[in-house]
Each structure stands twice: as C-alpha cells, then as structure tokens.
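A.B. asks: Here it is: the structure, laid out below.
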Amino acid sequence: MVDASLKDFNEIHALYDRCFPDDERIPFNHLVDTISIDRPFYAVYDDEQLVGLVSIFLIDDLVYLSYLAVEERFRNKGIGSAIVNMVARDYPDTCIYIDIEMLDEKAENAIERTRRRDFYIRLGFVETGIFYRFYDVDYEILSIHGIVKKEDLQRLLQKHWGHYASMARYF
C-alpha cells in the first residue's frame with residue numbers, strides 16, 4: 001500500500017498527477033490519508049522499479065477501479081493488463097467497474113479516450129449503458145464479472161464520496 005514512508009512516494013505522487021487531469025482526481029494527500037481495507041491504493045513495481053499505481057474502492061459485492069496508471073515508458077508492455085487481471089483475480093466473484101471519459105471525436109484527447117475504452121473491452125469489460133456527469137466531465141461505465149446497476153454505483157459513491165455523490169448526474 002502507498003504511504004509517505006515509501007522511498008518512491010514522491011514519484012508515485014508525480015505519476016498520479018501526470019496521468020490524471022485536475023478535474024478527474026482526488027487530491028493526492030486525501031487519497032493517501034483515506035487508505036483503508038475498503039480503499040486500498042497500491043504502487044506497482046517490476047522488480048524494484050515503480051511502473052504504475054492502482055486505487056480501488058470497495059463496498060459489499062462491488063469494486064470500483066478508480067485510478068489505474070502506468071508510467072509512460074512502460075506502457076504497451078502488458079503492465080496495465082496485469083494490474084487489471086490482478087484486481088479481477090483478487091475479487092473473482094465481485095462486479096468490477098470503471099468509469100472512463102465518454103468517447104467524443106471533438107475532444108482534445110479523442111484518440112486517448114478510444115484507446116482506453118478499447119483496452120478495457122479487450123480485457124473483458126462490457127458496456128453497462130450507464131453514463132454520468134461529475135464535475136463537468138462525462139463518463140461511461142464499463143464492468144466485468146457482472147453488470148453494475150445505477151443503484152449500486154450510487155451506493156458505492158455515497159459510501160466513499162459522501163454528499164459529493166449527489167453531484168453525479170446520470171443520463
């Protein structure tokens with residue numbers, strides 16, 4: 001688990017900041033301060049080399065893969081797939097979901113959005129038909145090991161986000 005005593009703590013923080021836009025990330029210190037059994041946050045290593053990170057939120061029978069990042073120089077080497085497969089293996093009977101930016105061919109990062117979605121689909125994630133807006137960002141929900149329902153999503157968001165969960169607008 002990530003904590004301030006890790007020798008790579010500053011690198012983990014920098015990776016997190018590089019990989020997620022300001023409007024899509026929890027303040028790093030808050031993410032670290034709220035680590036618990038139902039909010040694990042892991043640094044991922046290949047031997048001694050930091051290669052990525054993953055943060056998940058848990059509730060009952062649902063896992064939210066909230067942040068997954070791989071250092072740019074290690075991308076396209078199967079590390080992201082290995083991280084997702086590790087989470088899927090650790091929670092084999094649990095519906096796992098992710099939210100990704102909705103596809104939008106006019107978006108500045110349209111190609112990145114398509115690649116990200118294709119990556120998860122290749123790993124077995126499926127469309128859920130759930131879309132929502134949170135802090136001016138439109139997301140699509142994909143899941144594996146079952147289809148997440150809007151009510152379950154809201155229940156998890158409520159547990160981990162409290163009153164902020166009410167800001168999600170579904171469409």
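Residue numbers start at 1 in each chain; chains themselves are named A, B, ... in the order of the structure tokens; ligands are numbered from 1 in the order shown.
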Considering only C-alpha atoms, give me a table of residues in segment 9-63 of chain A that are at most 12 Å from segment 149-157 of chain A, with the closest atom pair and distance in Å for each, as a Markdown table.
C.D. replies:
| residue | atom | partner | partner_atom | distance |
| --- | --- | --- | --- | --- |
| A:Asp38 | CA | A:Leu156 | CA | 10.7 |
| A:Arg39 | CA | A:Leu156 | CA | 11.3 |
| A:Ile56 | CA | A:Leu156 | CA | 11.3 |
| A:Phe57 | CA | A:Leu156 | CA | 7.9 |
| A:Leu58 | CA | A:Leu156 | CA | 7.4 |
| A:Ile59 | CA | A:Leu156 | CA | 6.0 |
| A:Asp60 | CA | A:Leu156 | CA | 9.0 |
| A:Asp61 | CA | A:Asp152 | CA | 9.2 |
| A:Leu62 | CA | A:Asp152 | CA | 7.7 |
| A:Val63 | CA | A:Leu156 | CA | 8.6 |
A.B. asks: Please report, as JSON, numbers by chain, each residue of segment 15-168 of chain A to which DSSP assigns alpha helix (DSSP H) when run on this structure's backbone.
C.D. replies: {"A": [15, 16, 17, 18, 19, 28, 29, 30, 31, 32, 33, 79, 80, 81, 82, 83, 84, 85, 86, 87, 88, 89, 90, 110, 111, 112, 113, 114, 115, 116, 117, 118, 119, 120, 121, 122, 150, 151, 152, 153, 154, 155, 156, 157, 158, 159, 160, 161]}
A.B. asks: As a compact mmCIF listing (two decimals) with all heavy atoms, in the first residue's frame, please: every residue in segment 36-117 of chain A that DSSP puts in strand (DSSP E or B).
C.D. replies:
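The resulting file, states.txt, is reproduced below:
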# COMPACT_ATOMS: atom_id res chain seq x y z
N PHE A 41 -4.78 1.42 -1.99
CA PHE A 41 -4.06 2.19 -3.01
C PHE A 41 -2.65 1.59 -3.08
O PHE A 41 -1.92 1.61 -2.09
CB PHE A 41 -4.02 3.66 -2.60
CG PHE A 41 -3.34 4.60 -3.56
CD1 PHE A 41 -3.28 4.34 -4.92
CD2 PHE A 41 -2.80 5.78 -3.10
CE1 PHE A 41 -2.67 5.22 -5.80
CE2 PHE A 41 -2.18 6.69 -3.96
CZ PHE A 41 -2.11 6.40 -5.31
N TYR A 42 -2.32 1.01 -4.23
CA TYR A 42 -1.07 0.28 -4.37
C TYR A 42 -0.14 0.92 -5.38
O TYR A 42 -0.57 1.37 -6.44
CB TYR A 42 -1.34 -1.15 -4.87
CG TYR A 42 -2.21 -1.96 -3.97
CD1 TYR A 42 -3.55 -2.18 -4.29
CD2 TYR A 42 -1.71 -2.53 -2.81
CE1 TYR A 42 -4.37 -2.94 -3.47
CE2 TYR A 42 -2.52 -3.30 -1.98
CZ TYR A 42 -3.84 -3.50 -2.31
OH TYR A 42 -4.65 -4.24 -1.50
N ALA A 43 1.14 0.93 -5.04
CA ALA A 43 2.18 1.21 -6.01
C ALA A 43 2.52 -0.13 -6.65
O ALA A 43 2.55 -1.15 -5.97
CB ALA A 43 3.40 1.81 -5.32
N VAL A 44 2.76 -0.14 -7.95
CA VAL A 44 3.03 -1.38 -8.67
C VAL A 44 4.48 -1.34 -9.15
O VAL A 44 4.91 -0.36 -9.77
CB VAL A 44 2.07 -1.55 -9.86
CG1 VAL A 44 2.36 -2.83 -10.61
CG2 VAL A 44 0.62 -1.51 -9.38
N TYR A 45 5.20 -2.42 -8.86
CA TYR A 45 6.61 -2.49 -9.18
C TYR A 45 6.90 -3.68 -10.09
O TYR A 45 6.25 -4.71 -10.03
CB TYR A 45 7.45 -2.66 -7.91
CG TYR A 45 7.46 -1.43 -7.04
CD1 TYR A 45 6.45 -1.21 -6.10
CD2 TYR A 45 8.47 -0.48 -7.17
CE1 TYR A 45 6.45 -0.07 -5.32
CE2 TYR A 45 8.48 0.66 -6.38
CZ TYR A 45 7.47 0.86 -5.46
OH TYR A 45 7.47 1.99 -4.69
N ASP A 46 7.93 -3.52 -10.93
CA ASP A 46 8.53 -4.61 -11.67
C ASP A 46 9.95 -4.68 -11.11
O ASP A 46 10.75 -3.78 -11.34
CB ASP A 46 8.54 -4.33 -13.16
CG ASP A 46 9.11 -5.47 -13.98
OD1 ASP A 46 9.28 -6.57 -13.42
OD2 ASP A 46 9.39 -5.26 -15.17
N GLN A 49 11.54 -1.40 -9.69
CA GLN A 49 11.18 -0.23 -10.50
C GLN A 49 9.69 0.07 -10.40
O GLN A 49 8.86 -0.79 -10.70
CB GLN A 49 11.55 -0.48 -11.96
CG GLN A 49 11.19 0.63 -12.91
CD GLN A 49 12.00 1.88 -12.66
OE1 GLN A 49 13.21 1.85 -12.66
NE2 GLN A 49 11.32 2.99 -12.46
N LEU A 50 9.35 1.30 -9.99
CA LEU A 50 7.97 1.72 -9.98
C LEU A 50 7.46 1.76 -11.42
O LEU A 50 8.06 2.42 -12.27
CB LEU A 50 7.83 3.11 -9.35
CG LEU A 50 6.43 3.73 -9.39
CD1 LEU A 50 5.49 2.97 -8.46
CD2 LEU A 50 6.49 5.21 -9.01
N VAL A 51 6.36 1.04 -11.71
CA VAL A 51 5.83 1.02 -13.06
C VAL A 51 4.38 1.52 -13.13
O VAL A 51 3.89 1.83 -14.21
CB VAL A 51 5.92 -0.38 -13.71
CG1 VAL A 51 7.38 -0.78 -13.90
CG2 VAL A 51 5.17 -1.43 -12.92
N GLY A 52 3.70 1.57 -11.99
CA GLY A 52 2.31 2.01 -12.04
C GLY A 52 1.69 2.15 -10.67
O GLY A 52 2.36 2.01 -9.64
N LEU A 53 0.40 2.40 -10.69
CA LEU A 53 -0.37 2.52 -9.46
C LEU A 53 -1.81 2.11 -9.72
O LEU A 53 -2.28 2.13 -10.86
CB LEU A 53 -0.30 3.94 -8.89
CG LEU A 53 -0.84 5.10 -9.74
CD1 LEU A 53 -2.34 5.27 -9.60
CD2 LEU A 53 -0.15 6.38 -9.33
N VAL A 54 -2.48 1.71 -8.66
CA VAL A 54 -3.90 1.37 -8.76
C VAL A 54 -4.58 1.68 -7.43
O VAL A 54 -4.05 1.38 -6.36
CB VAL A 54 -4.13 -0.10 -9.19
CG1 VAL A 54 -3.58 -1.07 -8.16
CG2 VAL A 54 -5.60 -0.38 -9.47
N SER A 55 -5.73 2.31 -7.52
CA SER A 55 -6.55 2.61 -6.35
C SER A 55 -7.94 2.03 -6.60
O SER A 55 -8.49 2.17 -7.70
CB SER A 55 -6.66 4.13 -6.17
OG SER A 55 -7.62 4.44 -5.19
N ILE A 56 -8.47 1.35 -5.59
CA ILE A 56 -9.81 0.78 -5.73
C ILE A 56 -10.65 1.14 -4.51
O ILE A 56 -10.13 1.35 -3.42
CB ILE A 56 -9.79 -0.74 -5.97
CG1 ILE A 56 -9.09 -1.47 -4.83
CG2 ILE A 56 -9.13 -1.08 -7.28
CD1 ILE A 56 -9.08 -2.99 -4.98
N PHE A 57 -11.95 1.23 -4.74
CA PHE A 57 -12.92 1.46 -3.67
C PHE A 57 -13.81 0.23 -3.64
O PHE A 57 -14.25 -0.26 -4.69
CB PHE A 57 -13.80 2.68 -3.95
CG PHE A 57 -13.07 4.00 -4.03
CD1 PHE A 57 -13.74 5.12 -4.43
CD2 PHE A 57 -11.73 4.13 -3.68
CE1 PHE A 57 -13.11 6.36 -4.51
CE2 PHE A 57 -11.09 5.36 -3.75
CZ PHE A 57 -11.78 6.47 -4.16
N LEU A 58 -14.09 -0.27 -2.44
CA LEU A 58 -14.88 -1.49 -2.28
C LEU A 58 -16.14 -1.21 -1.47
O LEU A 58 -16.14 -0.40 -0.56
CB LEU A 58 -14.07 -2.55 -1.52
CG LEU A 58 -12.70 -2.88 -2.06
CD1 LEU A 58 -11.87 -3.59 -1.02
CD2 LEU A 58 -12.85 -3.74 -3.29
N ILE A 59 -17.18 -1.95 -1.80
CA ILE A 59 -18.39 -1.99 -0.99
C ILE A 59 -19.07 -3.32 -1.30
O ILE A 59 -19.33 -3.65 -2.46
CB ILE A 59 -19.34 -0.80 -1.23
CG1 ILE A 59 -20.48 -0.80 -0.23
CG2 ILE A 59 -19.82 -0.76 -2.65
CD1 ILE A 59 -21.32 0.48 -0.25
N LEU A 62 -19.09 -5.06 -4.80
CA LEU A 62 -18.76 -4.15 -5.89
C LEU A 62 -17.37 -3.56 -5.68
O LEU A 62 -17.01 -3.15 -4.58
CB LEU A 62 -19.80 -3.03 -5.94
CG LEU A 62 -19.79 -2.09 -7.13
CD1 LEU A 62 -20.00 -2.83 -8.44
CD2 LEU A 62 -20.86 -1.03 -6.96
N VAL A 63 -16.59 -3.53 -6.76
CA VAL A 63 -15.26 -2.92 -6.76
C VAL A 63 -15.26 -1.82 -7.81
O VAL A 63 -15.62 -2.05 -8.96
CB VAL A 63 -14.17 -3.96 -7.10
CG1 VAL A 63 -12.82 -3.27 -7.30
CG2 VAL A 63 -14.07 -5.02 -6.03
N TYR A 64 -14.84 -0.64 -7.39
CA TYR A 64 -14.67 0.48 -8.31
C TYR A 64 -13.18 0.66 -8.54
O TYR A 64 -12.43 0.98 -7.61
CB TYR A 64 -15.29 1.73 -7.71
CG TYR A 64 -15.02 3.03 -8.41
CD1 TYR A 64 -14.96 3.12 -9.80
CD2 TYR A 64 -14.86 4.21 -7.69
CE1 TYR A 64 -14.73 4.33 -10.43
CE2 TYR A 64 -14.63 5.42 -8.31
CZ TYR A 64 -14.57 5.47 -9.67
OH TYR A 64 -14.33 6.69 -10.29
N LEU A 65 -12.73 0.40 -9.74
CA LEU A 65 -11.35 0.62 -10.12
C LEU A 65 -11.21 2.10 -10.42
O LEU A 65 -11.49 2.57 -11.51
CB LEU A 65 -11.02 -0.25 -11.34
CG LEU A 65 -9.60 -0.30 -11.85
CD1 LEU A 65 -8.64 -0.76 -10.77
CD2 LEU A 65 -9.52 -1.22 -13.04
N SER A 66 -10.84 2.87 -9.39
CA SER A 66 -10.93 4.32 -9.51
C SER A 66 -9.74 4.96 -10.21
O SER A 66 -9.93 5.89 -10.97
CB SER A 66 -11.13 4.95 -8.13
OG SER A 66 -10.05 4.65 -7.28
N TYR A 67 -8.54 4.49 -9.94
CA TYR A 67 -7.37 5.04 -10.61
C TYR A 67 -6.43 3.91 -11.00
O TYR A 67 -6.08 3.08 -10.16
CB TYR A 67 -6.61 6.03 -9.70
CG TYR A 67 -7.42 7.25 -9.39
CD1 TYR A 67 -8.05 7.39 -8.16
CD2 TYR A 67 -7.57 8.27 -10.33
CE1 TYR A 67 -8.81 8.51 -7.86
CE2 TYR A 67 -8.33 9.39 -10.04
CZ TYR A 67 -8.95 9.50 -8.81
OH TYR A 67 -9.70 10.61 -8.54
N LEU A 68 -6.03 3.90 -12.24
CA LEU A 68 -5.05 2.94 -12.75
C LEU A 68 -4.13 3.73 -13.67
O LEU A 68 -4.59 4.40 -14.60
CB LEU A 68 -5.73 1.82 -13.54
CG LEU A 68 -4.83 0.92 -14.37
CD1 LEU A 68 -3.89 0.12 -13.49
CD2 LEU A 68 -5.65 -0.01 -15.23
N ALA A 69 -2.84 3.68 -13.39
CA ALA A 69 -1.88 4.40 -14.23
C ALA A 69 -0.62 3.56 -14.38
O ALA A 69 -0.21 2.86 -13.46
CB ALA A 69 -1.53 5.75 -13.59
N VAL A 70 -0.02 3.66 -15.55
CA VAL A 70 1.25 3.02 -15.84
C VAL A 70 2.20 4.10 -16.33
O VAL A 70 1.82 4.95 -17.16
CB VAL A 70 1.08 1.91 -16.91
CG1 VAL A 70 2.44 1.34 -17.32
CG2 VAL A 70 0.16 0.81 -16.40
N CYS A 95 -18.43 -7.83 -8.91
CA CYS A 95 -18.56 -6.97 -10.09
C CYS A 95 -17.56 -5.83 -9.95
O CYS A 95 -17.51 -5.15 -8.93
CB CYS A 95 -19.99 -6.43 -10.18
SG CYS A 95 -20.26 -5.38 -11.62
N ILE A 96 -16.75 -5.66 -10.97
CA ILE A 96 -15.74 -4.61 -11.00
C ILE A 96 -16.14 -3.61 -12.08
O ILE A 96 -16.48 -4.00 -13.19
CB ILE A 96 -14.35 -5.18 -11.32
CG1 ILE A 96 -13.96 -6.22 -10.25
CG2 ILE A 96 -13.31 -4.07 -11.43
CD1 ILE A 96 -12.73 -7.02 -10.61
N TYR A 97 -16.13 -2.35 -11.73
CA TYR A 97 -16.48 -1.35 -12.74
C TYR A 97 -15.45 -0.24 -12.78
O TYR A 97 -14.70 -0.02 -11.83
CB TYR A 97 -17.89 -0.81 -12.52
CG TYR A 97 -18.01 0.32 -11.54
CD1 TYR A 97 -17.93 1.64 -11.98
CD2 TYR A 97 -18.24 0.09 -10.19
CE1 TYR A 97 -18.04 2.69 -11.09
CE2 TYR A 97 -18.37 1.13 -9.31
CZ TYR A 97 -18.27 2.44 -9.76
OH TYR A 97 -18.38 3.47 -8.88
N ILE A 98 -15.43 0.41 -13.91
CA ILE A 98 -14.59 1.57 -14.13
C ILE A 98 -15.44 2.66 -14.77
O ILE A 98 -16.47 2.37 -15.38
CB ILE A 98 -13.39 1.26 -15.06
CG1 ILE A 98 -13.90 0.71 -16.39
CG2 ILE A 98 -12.43 0.31 -14.42
CD1 ILE A 98 -12.99 0.97 -17.53
N ASP A 99 -15.00 3.88 -14.60
CA ASP A 99 -15.61 4.95 -15.39
C ASP A 99 -14.49 5.55 -16.24
O ASP A 99 -13.37 5.71 -15.81
CB ASP A 99 -16.33 5.99 -14.54
CG ASP A 99 -15.49 6.60 -13.45
OD1 ASP A 99 -14.27 6.39 -13.42
OD2 ASP A 99 -16.06 7.29 -12.59
N ILE A 100 -14.82 5.76 -17.49
CA ILE A 100 -13.87 6.35 -18.43
C ILE A 100 -14.54 7.54 -19.10
O ILE A 100 -15.77 7.59 -19.20
CB ILE A 100 -13.41 5.33 -19.50
CG1 ILE A 100 -14.61 4.75 -20.26
CG2 ILE A 100 -12.58 4.22 -18.87
CD1 ILE A 100 -14.23 3.87 -21.44
N GLU A 101 -13.73 8.48 -19.54
CA GLU A 101 -14.29 9.61 -20.26
C GLU A 101 -15.06 9.09 -21.47
O GLU A 101 -14.58 8.21 -22.18
CB GLU A 101 -13.20 10.55 -20.75
CG GLU A 101 -12.49 11.31 -19.66
CD GLU A 101 -11.33 12.10 -20.23
OE1 GLU A 101 -10.37 11.46 -20.71
OE2 GLU A 101 -11.41 13.34 -20.21
A.B. asks: With distances taken over only C-alpha atoms, which of A:His160, A:Ala110, A:Val2, A:Asp138 is nearest to Ile26 of chain A?
C.D. replies: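 That would be A:His160, the residue with the smallest distance to Ile26 of chain A.
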A.B. asks: Please determine, counting only C-alpha atoms, which residue among A:Tyr139, A:Lys7, A:Met167, A:Asp90 has the shortest atom-to-atom distance to Glu48 of chain A.
C.D. replies: A:Lys7
A.B. asks: Would you mind telling me which residue in A:His145, A:Asp47, A:Asp23, A:Phe74 lies nearest to Asp93 of chain A when using only C-alpha atoms?
C.D. replies: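 Nearest candidate to Asp93 of chain A out of A:His145, A:Asp47, A:Asp23, A:Phe74: A:His145.
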